[in-house]
Structures are given as structure tokens and as C-alpha cells.
>>> print(open('start.cif').read())   # mmCIF, C-alpha atoms
data_work
#
loop_
_atom_site.label_atom_id
_atom_site.label_comp_id
_atom_site.auth_asym_id
_atom_site.auth_seq_id
_atom_site.Cartn_x
_atom_site.Cartn_y
_atom_site.Cartn_z
CA MET E 95 0.00 0.00 0.00
CA LYS E 96 2.80 2.39 0.94
CA GLU E 97 4.60 1.65 -2.33
CA LYS E 98 1.48 2.59 -4.35
CA ILE E 99 1.15 5.89 -2.48
CA GLN E 100 4.84 6.62 -3.04
CA LYS E 101 4.49 5.94 -6.78
CA LYS E 102 1.50 8.29 -7.01
CA ILE E 103 3.41 11.02 -5.18
CA ILE E 104 6.39 10.61 -7.54
CA ILE E 105 4.10 10.84 -10.60
CA ILE E 106 2.44 14.00 -9.24
CA ILE E 107 5.85 15.60 -8.57
CA ILE E 108 7.09 14.78 -12.09
CA VAL E 109 3.93 16.25 -13.68
CA PHE E 110 4.31 19.36 -11.54
CA LEU E 111 7.95 19.77 -12.55
CA LEU E 112 7.21 19.37 -16.26
CA SER E 113 4.08 21.58 -16.39
CA PRO E 114 5.97 24.90 -16.67
CA PHE E 115 7.20 23.92 -20.13
CA SER E 116 3.64 24.05 -21.46
CA LEU E 117 2.80 27.20 -19.53
CA PHE E 118 5.79 29.32 -20.44
CA ALA E 119 6.68 28.23 -23.98
CA GLN E 120 5.69 30.96 -26.44
CA GLU E 121 6.73 31.76 -29.94
CA PRO E 122 7.50 35.48 -30.20
CA CYS E 123 6.20 35.77 -33.75
CA GLU E 124 3.40 34.27 -35.78
CA THR E 125 5.79 34.07 -38.71
CA LYS E 126 9.56 34.34 -38.67
CA TYR E 127 10.89 37.50 -40.26
CA PRO E 128 13.53 37.31 -42.96
CA ASP E 129 16.71 39.30 -42.40
CA ASP E 130 15.43 42.41 -44.11
CA GLY E 131 16.86 45.15 -41.97
CA LYS E 132 14.58 47.33 -39.91
CA CYS E 133 11.61 44.99 -40.16
CA LYS E 134 13.54 42.16 -38.52
CA THR E 135 15.12 44.49 -35.94
CA GLU E 136 11.80 45.91 -34.81
CA CYS E 137 10.21 42.48 -34.80
CA GLU E 138 12.85 41.23 -32.40
CA ALA E 139 12.30 44.33 -30.25
CA GLY E 140 8.64 43.40 -29.85
CA GLU E 141 7.08 45.79 -32.34
CA HIS E 142 4.06 44.99 -34.46
CA HIS E 143 3.72 45.74 -38.13
CA ASP E 144 0.84 45.32 -40.53
CA ASP E 145 0.87 45.16 -44.29
CA THR E 146 0.54 48.93 -44.64
CA SER E 147 3.60 49.80 -42.57
CA GLY E 148 5.94 49.87 -45.52
CA LEU E 149 8.47 47.83 -43.54
CA CYS E 150 7.16 44.31 -43.82
CA SER E 151 5.81 43.82 -47.30
CA SER E 152 4.40 40.37 -46.63
CA GLY E 153 2.33 41.52 -43.67
CA LYS E 154 4.06 39.34 -41.09
CA CYS E 155 3.60 40.35 -37.51
CA CYS E 156 5.14 40.02 -34.10
CA HIS E 157 3.30 40.09 -30.82
CA MET E 158 3.93 42.86 -28.32
CA TYR E 159 4.47 41.93 -24.71
CA ALA E 160 3.71 43.83 -21.57
CA PRO E 161 6.70 44.92 -19.48
CA VAL E 162 7.70 42.52 -16.71
CA VAL E 163 7.25 44.02 -13.26
CA ASP E 164 8.27 42.85 -9.79
CA LEU E 165 5.86 40.48 -8.08
CA SER E 166 4.73 41.73 -4.67
CA LEU E 167 4.48 38.88 -2.18
CA GLN E 168 1.28 38.79 -0.14
CA VAL E 169 3.12 36.69 2.48
CA PRO E 170 6.70 38.04 2.70
CA ILE E 171 9.58 35.69 3.46
CA PHE E 172 11.30 37.53 6.29
CA SER E 173 12.52 40.79 4.68
CA TYR E 174 12.01 39.46 1.15
CA THR E 175 8.85 41.19 -0.16
CA LYS E 176 9.28 41.34 -3.97
CA ALA E 177 10.46 38.96 -6.67
CA ALA E 178 11.63 39.94 -10.14
CA ASP E 179 10.30 36.66 -11.53
CA ILE E 180 9.15 33.18 -10.55
CA ALA E 181 12.67 31.77 -10.70
CA GLU E 182 13.95 34.28 -8.15
CA TYR E 183 11.03 33.41 -5.86
CA ILE E 184 11.81 29.67 -6.07
CA VAL E 185 15.51 30.25 -5.41
CA LYS E 186 14.75 32.44 -2.38
CA ILE E 187 12.43 29.81 -0.91
CA TYR E 188 15.21 27.23 -1.14
CA GLU E 189 17.81 29.59 0.27
CA TYR E 190 15.70 30.33 3.33
CA ALA E 191 14.69 26.66 3.65
CA LEU E 192 18.34 25.57 3.69
CA ILE E 193 19.19 28.28 6.23
CA VAL E 194 16.61 26.70 8.55
CA LEU E 195 17.08 23.01 7.66
CA ALA E 196 20.88 22.80 7.70
CA PRO E 197 21.36 23.89 11.36
CA LEU E 198 18.34 21.80 12.38
CA ALA E 199 19.79 18.69 10.72
CA ILE E 200 23.17 19.28 12.39
CA VAL E 201 21.46 19.59 15.80
CA VAL E 202 19.55 16.33 15.19
CA ILE E 203 22.76 14.51 14.16
CA ILE E 204 24.62 15.75 17.28
CA TRP E 205 21.67 14.84 19.52
CA ALA E 206 21.41 11.36 17.95
CA GLY E 207 25.16 10.92 18.44
CA PHE E 208 24.76 11.55 22.16
CA LEU E 209 21.89 9.04 22.27
CA TRP E 210 24.15 6.48 20.60
CA LEU E 211 26.97 7.12 23.06
CA LEU E 212 24.62 6.88 26.02
CA ALA E 213 22.87 3.76 24.73
CA GLY E 214 25.31 1.54 26.61
CA GLY E 215 25.10 -1.18 24.00
CA ASP E 216 21.28 -1.20 24.00
CA VAL E 217 20.45 -2.32 20.43
CA PRO E 218 16.97 -0.66 20.17
CA LYS E 219 18.38 2.68 21.42
CA ILE E 220 21.30 2.49 19.00
CA SER E 221 18.87 1.64 16.19
CA ASN E 222 16.74 4.70 17.01
CA ALA E 223 19.83 6.92 17.08
CA LYS E 224 20.86 5.59 13.66
CA LYS E 225 17.38 6.37 12.32
CA TYR E 226 17.61 9.97 13.54
CA ILE E 227 21.04 10.40 11.93
CA SER E 228 19.90 8.71 8.73
CA GLY E 229 16.76 10.86 8.56
CA ALA E 230 18.68 14.10 9.09
CA VAL E 231 21.31 13.25 6.47
CA THR E 232 18.62 12.09 4.01
CA GLY E 233 16.69 15.33 4.55
CA LEU E 234 19.76 17.42 3.74
CA ILE E 235 20.51 15.34 0.64
CA ILE E 236 16.92 15.69 -0.58
CA ALA E 237 16.98 19.44 0.02
CA PHE E 238 20.17 19.89 -2.00
CA LEU E 239 19.20 17.41 -4.74
CA SER E 240 15.75 18.95 -5.17
CA TYR E 241 17.35 22.26 -6.13
CA ILE E 242 19.54 20.44 -8.66
CA ILE E 243 16.45 18.70 -10.05
CA LEU E 244 14.58 21.99 -10.31
CA SER E 245 17.55 23.51 -12.11
CA PHE E 246 17.66 20.54 -14.49
CA PHE E 247 14.00 21.06 -15.41
CA GLY E 248 14.52 24.81 -15.79
CA LEU E 249 12.36 25.98 -12.88
CA THR E 250 15.17 28.12 -11.45
CA SER E 251 15.45 30.07 -14.70
CA LEU E 252 11.78 30.64 -15.44
CA LYS E 253 10.71 34.12 -16.46
CA SER E 254 7.28 35.65 -16.25
CA PRO E 255 5.33 34.68 -19.38
CA GLY E 256 5.17 37.22 -22.18
CA ILE E 257 1.72 38.71 -21.75
CA GLU E 258 0.63 39.74 -25.19
CA TYR E 259 -0.30 43.36 -25.71
CA ILE E 260 -3.77 43.58 -27.09
CA GLU E 261 -2.61 47.04 -27.85
CA GLY E 262 -3.97 49.44 -30.42
CA GLU E 263 -1.37 52.19 -30.06
CA GLY E 264 -1.89 51.92 -26.34
CA ASP E 265 -4.03 49.44 -24.48
CA HIS E 266 -5.94 50.72 -21.46
CA HIS E 267 -5.86 47.24 -19.94
CA LEU E 268 -2.08 47.35 -19.62
CA ILE E 269 -1.11 51.00 -19.39
CA PRO E 270 -2.56 53.23 -16.65
CA PHE E 271 -5.26 55.74 -17.44
CA VAL E 272 -3.72 59.22 -17.50
CA PRO E 273 -5.98 61.95 -16.06
CA GLN E 274 -6.14 65.49 -17.38
CA GLN E 275 -4.04 66.84 -14.50
CA GLU E 276 -1.01 64.87 -15.69
CA TYR E 277 -1.41 66.24 -19.19
CA GLU E 278 -1.73 69.80 -17.86
CA LYS E 279 1.60 69.35 -16.05
CA ALA E 280 3.23 68.40 -19.35
CA GLY E 281 2.67 71.93 -20.60
CA SER E 282 1.98 71.38 -24.29
CA ASP E 283 1.75 74.67 -26.19
CA VAL E 284 0.07 73.18 -29.30
CA LYS E 285 -3.13 75.08 -30.08
CA SER E 286 -6.39 73.54 -31.26
CA ILE E 287 -6.76 73.13 -35.01
CA GLY E 288 -10.49 73.68 -34.66
CA GLY E 289 -13.23 71.43 -35.98
CA GLU E 290 -16.99 71.13 -35.79
CA CYS E 291 -17.58 67.77 -34.09
CA PHE E 292 -16.13 65.70 -31.28
CA PRO E 293 -14.81 62.47 -32.88
CA VAL E 294 -17.12 60.20 -30.85
CA VAL E 295 -20.90 60.66 -30.67
CA LYS E 296 -22.35 61.58 -27.27
CA ASP E 297 -23.92 58.19 -26.45
CA SER E 298 -20.65 56.43 -27.27
CA PHE E 299 -18.29 58.69 -25.30
CA ASP E 300 -16.92 57.38 -22.00
CA ARG E 301 -13.79 59.30 -20.98
CA ILE E 302 -10.38 60.50 -22.20
CA SER E 303 -6.88 59.42 -21.24
CA TRP E 304 -4.61 62.42 -21.76
CA ASN E 305 -1.69 60.12 -22.50
CA TYR E 306 0.11 61.87 -25.34
CA GLY E 307 3.84 61.18 -24.97
CA SER E 308 3.42 58.38 -22.43
CA ALA E 309 5.04 54.94 -22.54
CA ARG E 310 4.27 52.27 -25.08
CA SER E 311 5.92 48.92 -25.90
CA GLY E 312 7.28 48.56 -22.39
CA GLY E 313 8.68 52.09 -22.28
CA THR E 314 10.60 51.86 -25.56
CA ARG E 315 8.18 53.99 -27.56
CA CYS E 316 6.22 57.21 -27.05
CA HIS E 317 2.46 57.40 -27.42
CA ALA E 318 1.77 59.49 -30.51
CA GLY E 319 -1.90 60.21 -29.82
CA VAL E 320 -4.67 60.48 -27.24
CA ASP E 321 -7.05 57.65 -26.35
CA ILE E 322 -10.77 58.42 -26.23
CA TYR E 323 -12.54 55.59 -24.42
CA THR E 324 -15.84 54.46 -25.87
CA LYS E 325 -18.96 52.68 -24.67
CA GLY E 326 -22.06 51.24 -26.30
CA LEU E 327 -21.79 51.26 -30.08
CA GLY E 328 -18.56 53.28 -30.00
CA GLU E 329 -19.55 55.35 -33.03
CA VAL E 330 -16.83 57.56 -34.53
CA VAL E 331 -17.41 60.60 -36.75
CA ALA E 332 -15.23 63.06 -38.68
CA ILE E 333 -14.31 66.21 -36.75
CA ALA E 334 -14.53 68.40 -39.87
CA ASP E 335 -14.83 68.33 -43.65
CA GLY E 336 -11.94 66.56 -45.31
CA ILE E 337 -10.55 64.02 -47.75
CA VAL E 338 -9.78 60.38 -46.95
CA THR E 339 -6.08 59.69 -47.60
CA LEU E 340 -5.67 56.17 -46.20
CA VAL E 341 -7.70 53.21 -44.96
CA GLY E 342 -5.76 50.24 -43.59
CA THR E 343 -5.28 47.72 -40.81
CA PHE E 344 -3.97 49.02 -37.51
CA TYR E 345 -3.59 46.74 -34.48
CA PRO E 346 -5.13 43.49 -33.19
CA CYS E 347 -7.23 44.00 -30.07
CA SER E 348 -8.95 41.69 -27.61
CA LYS E 349 -12.14 41.59 -29.69
CA GLY E 350 -10.61 41.60 -33.15
CA MET E 351 -8.49 43.51 -35.64
CA SER E 352 -8.71 47.29 -35.76
CA MET E 353 -8.37 49.70 -38.67
CA LYS E 354 -7.07 53.22 -39.20
CA VAL E 355 -8.72 55.92 -41.28
CA LEU E 356 -6.60 58.96 -42.15
CA ILE E 357 -8.52 62.07 -43.15
CA GLN E 358 -6.89 65.34 -44.22
CA HIS E 359 -8.75 68.28 -42.69
CA GLY E 360 -7.30 71.34 -44.40
CA ASN E 361 -3.67 71.73 -43.33
CA TYR E 362 -3.82 68.81 -40.89
CA THR E 363 -4.36 65.06 -41.01
CA VAL E 364 -6.12 63.02 -38.33
CA ASN E 365 -5.52 59.32 -37.82
CA TYR E 366 -8.75 57.82 -36.52
CA GLY E 367 -7.21 54.62 -35.16
CA GLU E 368 -8.62 51.43 -33.66
CA ILE E 369 -11.82 51.38 -35.71
CA ASN E 370 -13.37 47.90 -35.71
CA GLN E 371 -12.59 45.96 -38.86
CA GLY E 372 -15.74 45.45 -40.91
CA THR E 373 -17.58 48.49 -39.50
CA ILE E 374 -16.10 51.27 -41.65
CA ASP E 375 -18.80 53.09 -43.60
CA SER E 376 -18.91 52.22 -47.31
CA ARG E 377 -18.48 55.91 -48.17
CA ILE E 378 -15.07 56.00 -46.46
CA LYS E 379 -12.66 55.30 -49.31
CA VAL E 380 -9.34 56.81 -50.32
CA GLY E 381 -10.01 60.05 -52.20
CA ALA E 382 -13.57 60.38 -50.91
CA THR E 383 -14.78 63.69 -49.47
CA VAL E 384 -16.27 63.60 -45.97
CA LYS E 385 -18.37 66.10 -44.05
CA ALA E 386 -18.13 67.09 -40.40
CA GLY E 387 -20.06 64.56 -38.32
CA GLN E 388 -20.00 61.93 -41.06
CA TYR E 389 -20.00 58.40 -39.69
CA ILE E 390 -16.65 56.61 -39.99
CA GLY E 391 -17.10 53.37 -38.06
CA ARG E 392 -17.22 51.79 -34.61
CA ALA E 393 -14.36 51.72 -32.09
CA THR E 394 -15.14 49.02 -29.53
CA ASN E 395 -12.73 46.16 -30.21
CA CYS E 396 -9.95 48.04 -28.43
CA GLY E 397 -12.32 49.89 -26.10
CA MET E 398 -11.27 53.28 -27.47
CA LEU E 399 -10.61 55.56 -30.40
CA HIS E 400 -6.92 56.30 -30.86
CA PHE E 401 -6.67 59.89 -32.12
CA GLU E 402 -3.45 61.13 -33.77
CA LEU E 403 -2.82 64.51 -35.38
CA TYR E 404 -0.28 65.51 -38.05
CA GLU E 405 0.59 68.66 -39.92
CA GLY E 406 0.02 68.46 -43.69
CA LYS E 407 -0.88 65.31 -45.57
CA SER E 408 0.77 62.53 -43.61
CA ARG E 409 0.49 58.91 -42.53
CA ASN E 410 0.76 57.73 -38.94
CA TYR E 411 4.29 57.34 -37.56
CA GLN E 412 5.69 55.73 -34.45
CA TRP E 413 7.62 57.94 -32.04
CA TYR E 414 10.83 56.75 -30.39
CA PRO E 415 12.73 58.39 -27.52
CA PRO E 416 16.51 58.99 -27.70
CA PRO E 417 18.66 55.81 -27.61
CA GLY E 418 18.96 54.34 -24.13
CA VAL E 419 15.99 56.27 -22.73
CA ARG E 420 13.13 54.30 -21.17
CA ILE E 421 9.75 55.94 -20.70
CA THR E 422 8.50 55.50 -17.12
CA LYS E 423 6.36 58.59 -16.40
CA PRO E 424 3.08 59.94 -17.80
CA ASN E 425 3.57 62.27 -20.80
CA GLN E 426 7.36 61.91 -20.39
CA CYS E 427 8.13 62.25 -24.11
CA LEU E 428 6.08 65.46 -24.23
CA LYS E 429 7.52 66.90 -21.02
CA GLU E 430 11.10 66.20 -22.07
CA GLY E 431 10.52 67.42 -25.63
CA TYR E 432 11.93 64.32 -27.30
CA PRO E 433 12.25 64.72 -31.10
CA LYS E 434 9.53 62.78 -32.89
CA THR E 435 11.86 60.47 -34.73
CA TYR E 436 10.29 57.34 -36.18
CA VAL E 437 13.56 55.39 -36.45
CA LYS E 438 14.45 53.41 -33.34
CA ASN E 439 17.87 54.04 -31.73
CA CYS E 440 18.70 56.80 -34.20
CA THR E 441 21.73 58.86 -33.12
CA SER E 442 22.27 61.41 -35.90
CA ASN E 443 20.33 63.05 -38.74
CA CYS E 444 17.20 61.37 -37.42
CA PRO E 445 14.06 61.82 -39.54
CA VAL E 446 11.11 63.23 -37.59
CA SER E 447 7.40 63.10 -38.30
CA THR E 448 4.95 66.01 -38.33
CA ASN E 449 3.02 64.47 -35.45
CA ILE E 450 1.63 67.06 -33.00
CA ASP E 451 -0.19 66.92 -29.69
CA PRO E 452 -3.96 66.57 -30.34
CA SER E 453 -4.98 67.27 -26.73
CA ALA E 454 -5.97 70.93 -27.22
CA THR E 455 -8.01 70.04 -30.29
CA ILE E 456 -9.86 67.28 -28.45
CA LYS E 457 -10.56 69.57 -25.47
CA SER E 458 -11.95 72.26 -27.77
CA LEU E 459 -14.39 69.74 -29.28
CA LEU E 460 -15.77 68.36 -26.02
CA ASN E 461 -18.78 70.70 -26.17
CA LYS E 462 -19.40 69.93 -29.84
CA MET E 463 -21.01 66.51 -29.74
CA CYS E 464 -22.63 65.73 -33.09
CA ALA E 465 -25.12 63.14 -34.24
CA LYS E 466 -23.67 60.93 -36.96
CA ASN E 467 -24.71 61.58 -40.55
#
>>> encode(input="start.cif", output="C-alpha cells")
Amino acid sequence: MKEKIQKKIIIIIIVFLLSPFSLFAQEPCETKYPDDGKCKTECEAGEHHDDTSGLCSSGKCCHMYAPVVDLSLQVPIFSYTKAADIAEYIVKIYEYALIVLAPLAIVVIIWAGFLWLLAGGDVPKISNAKKYISGAVTGLIIAFLSYIILSFFGLTSLKSPGIEYIEGEGDHHLIPFVPQQEYEKAGSDVKSIGGECFPVVKDSFDRISWNYGSARSGGTRCHAGVDIYTKGLGEVVAIADGIVTLVGTFYPCSKGMSMKVLIQHGNYTVNYGEINQGTIDSRIKVGATVKAGQYIGRATNCGMLHFELYEGKSRNYQWYPPPGVRITKPNQCLKEGYPKTYVKNCTSNCPVSTNIDPSATIKSLLNKMCAKN
């Protein structure tokens, strides 16, 4: 009976030790990139590209992953309250366990030795003393060997799993909501470009995250727009009369792929990003003229409308901070005045986009809610 129980315990332990391989194994990309310069470089850095990016002609894409943060322990181990990853936590448990077990085993061995010496030739007493010594030594061996076994199976080198960004230029599930006060502190001096309609109809408007210039892609990229959270149908409309210059895929979100619609409004171009795929109005085509308040589509798959603003006729560009800089604070790229270069790790003669802060424009349109037409 005991042998059967021991076999079951061994099987359970083996399954437990092997389970992390299925939990933590992830391919970083859906399709491997060829060595074609920037496309491959940005793929390996965790960027995502669609078939309209101009970088990856075949439309291959990489997943984005949320930044790994320290794990706060609900039950601290002495003064140890945070772990960088699961591996560190496992190692610490064993370190503290050995600190306790090793002296305890030594005490048991010494105590059993005295029992043996004082046994006076009594066989049962000597046998008990041997059992104590054997048990203590076996316990120490198991403690040390178990760490070796864990190392062999890779449990001491586990990292937190890559949690995929369901990001459209900034996912509110992963990146904190930025209130208006934080934006005000950033001190943007970009004036409103005007307009006749707020980009989301009244019944679909939830709130705004004033997150222009905040962190994206784990702090390696600056947020080039402002996120307008939606509810209900999430209906999006044009802020003014204009001409459609681009319609294309944008980012995958938790409820499906999103699209971008670029409309040139006079001397400026707005990127209406994170529109649900399949909901864009049939009138919205490249070269088509739109009117203020004209229905564009629904923005619910990502939970928001991503609103970018550019001077002139332009496409949407990513915005990278200077090499070696990591974005950790709200609106940091705006506050620090980082050049809006769209080439990662550029050190000289860096090309910059015409992207500008849309916050003032959005604020000026808050009292101009329009019904879609």
C-alpha cells in the first residue's frame, strides 16, 4: 500500500515539474521574419507591423508583450517582499529553507550521536539513534538534490510569461489611465486646429486618457496620440470636412483587428485609429470627401478611439525616444521634448514626423457633440 502511495506522489511531482514547459513556452512571432533590416530588428524588439507599414511587405507580424514588473508577495519571506520573476522566488524559498534546515539537521545529528553514546550497547536505542542520523542526512541530501532537479528542469530560470499586448497604439488594460491633471503638467503649447464635431458621438463617449507622450511597448516607444474611451456602439465621426487619404489595418485587439482611417482636414491630417474591422462606412474610401459629423465606423474592439494629429498630408508614424531612454512617467516624451523620430535608436540626422499633440483640439471639441450623418 505504501509503495502505491509513493508511486503516485512521484508521478504528481514529475507532472508538476514538467508543467511549466507548457505554460511558459511561447513563440515570439506568428511568422519568422527574414533578415530584411529594420523589419527584422523591430520584430525582435517586440514591435508589431501590418501590411501597410511599408516595412514588412508580406504583412508578417510580431506580438507585443507587456513589461515585466516585480511580483509583490502577499506573504513576505522575512525581509524578502518582492520577486523579479518566478525563478527568483523559487531560489529564495530554497535559500531560506536551507538556512533553517541545515542547522536543524546538524542539531539532530549531534543529539542522535549523544543518544548512541549513552545507549550503553542497548540495540533498540542504538537503532533509534541511527534512524535519527539517517533521517537528518537524508533530509539534507533531498533538500540539495531537489534544487539540482529543479535547475535541471529549468524551474530556477523561469521568467514571467510574455503577456501579449492587445494594444492598439496603447491598451488601457495594460497602461494606466492618464488623467487630465497629468497632461496639464506636461505643458503642451500646441493650439487647437479647430473642428466642428467631437470624434465620438455623445452616447458612445466614455472618458479620455490624456496620455500623449506616455510609454508604449514597455517604455521603448512614445504614445503618438490620445485615447478616447468608448462605450455602447462606439460610433466615430469626422471632426470636420476633409478628404480620406488612407484606410488600412492598424492593431489586433482583444475583440478583433482594428483599422485606421486617415482624413486630411485642411492643413492637418487626423488618424482615426482602432476602428473595428468590418464596421467602416462604405463611403469612407481613399479620395472620398467627408463632411463634419460623417459616420466613420465603430471603435469598440480596443475599447477606445486612438486619435493622432499631423501637420500636412501625412500617414501615422511611431515615435521613439533617444537611444537608451526608457519611458517611465506619464507624458514623459512630451515633457522632455523628445524629437519625434520614427527610427528606433537613431543617433544622428534622425528623420522626424509632423506628429503634433492633439490634446488641445480634443478639449476644444468636447462641447461639440454631433449626431452621426
>>> closest_residue(input="start.cif", among="E:Ile421, E:Leu212, E:Ile456, E:Ala393", to="Ala309 in chain E", atoms="all atoms listed in the file")
E:Ile421
>>> resolve_selection(input="start.cif", expression="the PyMOL selection byres ((chain E and resi 289) around 10)", output="MDAnalysis selection string")
chainID E and resid 286:288 290:293 332:335 359 386:387 455:456 458:459 462
>>> write_last_selection(input="start.cif", atoms="C-alpha atoms", output="PDB file, in the coordinates of the input")
ATOM      1  CA  SER E 286      -6.390  73.540 -31.260  1.00  0.00           C
ATOM      2  CA  ILE E 287      -6.760  73.130 -35.010  1.00  0.00           C
ATOM      3  CA  GLY E 288     -10.490  73.680 -34.660  1.00  0.00           C
ATOM      4  CA  GLU E 290     -16.990  71.130 -35.790  1.00  0.00           C
ATOM      5  CA  CYS E 291     -17.580  67.770 -34.090  1.00  0.00           C
ATOM      6  CA  PHE E 292     -16.130  65.700 -31.280  1.00  0.00           C
ATOM      7  CA  PRO E 293     -14.810  62.470 -32.880  1.00  0.00           C
ATOM      8  CA  ALA E 332     -15.230  63.060 -38.680  1.00  0.00           C
ATOM      9  CA  ILE E 333     -14.310  66.210 -36.750  1.00  0.00           C
ATOM     10  CA  ALA E 334     -14.530  68.400 -39.870  1.00  0.00           C
ATOM     11  CA  ASP E 335     -14.830  68.330 -43.650  1.00  0.00           C
ATOM     12  CA  HIS E 359      -8.750  68.280 -42.690  1.00  0.00           C
ATOM     13  CA  ALA E 386     -18.130  67.090 -40.400  1.00  0.00           C
ATOM     14  CA  GLY E 387     -20.060  64.560 -38.320  1.00  0.00           C
ATOM     15  CA  THR E 455      -8.010  70.040 -30.290  1.00  0.00           C
ATOM     16  CA  ILE E 456      -9.860  67.280 -28.450  1.00  0.00           C
ATOM     17  CA  SER E 458     -11.950  72.260 -27.770  1.00  0.00           C
ATOM     18  CA  LEU E 459     -14.390  69.740 -29.280  1.00  0.00           C
ATOM     19  CA  LYS E 462     -19.400  69.930 -29.840  1.00  0.00           C
TER      20      LYS E 462
END
>>> atom_distance(input="start.cif", atom1="CA of Trp205 in chain E", atom2="CA of Ala230 in chain E")
10.9 Å
>>> resolve_selection(input="start.cif", expression="the PyMOL selection byres ((chain E and resi 364-379) around 8)", output="PyMOL selection string")
chain E and resi 262+338+340-341+343-345+350-359+362-363+380-382+384+389-396+398-404+409-410
>>> atom_distance(input="start.cif", atom1="CA of Pro445 in chain E", atom2="CA of Ile337 in chain E")
26.0 Å
>>> closest_residue(input="start.cif", among="E:Asn467, E:Thr383, E:Asn449, E:Asn461", to="His317 in chain E", atoms="all atoms listed in the file")
E:Asn449
>>> resolve_selection(input="start.cif", expression="the PyMOL selection byres ((chain E and resi 227) around 8)", output="ChimeraX atom specification")
/E:202-203,206-207,223-226,228-231
>>> atom_distance(input="start.cif", atom1="CA of Lys285 in chain E", atom2="CA of Pro415 in chain E")
23.2 Å
>>> closest_residue(input="start.cif", among="E:Ala318, E:Cys347, E:Ala213, E:Leu327", to="Ser447 in chain E", atoms="only C-alpha atoms")
E:Ala318
>>> residues_around(input="start.cif", residues="Thr422 in chain E", least_positions_apart="4", cutoff="8 Å", atoms="only C-alpha atoms", output="list in words")
Ser308, Ala309, Gly313 and Gln426 of chain E
>>> residues_around(input="start.cif", residues="Val320 in chain E", least_positions_apart="6", cutoff="8 Å", atoms="all atoms listed in the file", output="number ranges by chain")
E: 302-306, 400-402, 452-453
>>> build_atoms(input="start.cif", residues="range 186-201 of chain E", atoms="N, CA and C atoms", output="short mmCIF file (atom, residue, chain, number, x, y, z; two decimals), keeping the file's coordinate frame")
data_model
loop_
_atom_site.label_atom_id
_atom_site.label_comp_id
_atom_site.auth_asym_id
_atom_site.auth_seq_id
_atom_site.Cartn_x
_atom_site.Cartn_y
_atom_site.Cartn_z
N LYS E 186 14.79 31.86 -3.73
CA LYS E 186 14.75 32.44 -2.38
C LYS E 186 14.13 31.48 -1.38
N ILE E 187 13.06 30.79 -1.80
CA ILE E 187 12.43 29.81 -0.91
C ILE E 187 13.44 28.75 -0.48
N TYR E 188 14.21 28.26 -1.45
CA TYR E 188 15.21 27.23 -1.14
C TYR E 188 16.35 27.78 -0.29
N GLU E 189 16.75 29.00 -0.54
CA GLU E 189 17.81 29.59 0.27
C GLU E 189 17.39 29.67 1.74
N TYR E 190 16.17 30.21 1.95
CA TYR E 190 15.70 30.33 3.33
C TYR E 190 15.43 28.96 3.96
N ALA E 191 14.94 28.01 3.14
CA ALA E 191 14.69 26.66 3.65
C ALA E 191 15.99 26.00 4.11
N LEU E 192 17.04 26.16 3.32
CA LEU E 192 18.34 25.57 3.69
C LEU E 192 18.93 26.24 4.92
N ILE E 193 18.70 27.56 5.04
CA ILE E 193 19.19 28.28 6.23
C ILE E 193 18.57 27.69 7.50
N VAL E 194 17.30 27.27 7.39
CA VAL E 194 16.61 26.70 8.55
C VAL E 194 16.94 25.22 8.71
N LEU E 195 16.93 24.46 7.59
CA LEU E 195 17.08 23.01 7.66
C LEU E 195 18.50 22.56 8.02
N ALA E 196 19.50 23.24 7.47
CA ALA E 196 20.88 22.80 7.70
C ALA E 196 21.25 22.80 9.19
N PRO E 197 21.04 23.91 9.92
CA PRO E 197 21.36 23.89 11.36
C PRO E 197 20.50 22.88 12.12
N LEU E 198 19.23 22.75 11.70
CA LEU E 198 18.34 21.80 12.38
C LEU E 198 18.85 20.37 12.21
N ALA E 199 19.28 20.04 10.98
CA ALA E 199 19.79 18.69 10.72
C ALA E 199 21.06 18.43 11.53
N ILE E 200 21.92 19.44 11.62
CA ILE E 200 23.17 19.28 12.39
C ILE E 200 22.85 19.04 13.87
N VAL E 201 21.87 19.77 14.40
CA VAL E 201 21.46 19.59 15.80
C VAL E 201 20.94 18.17 16.02
#
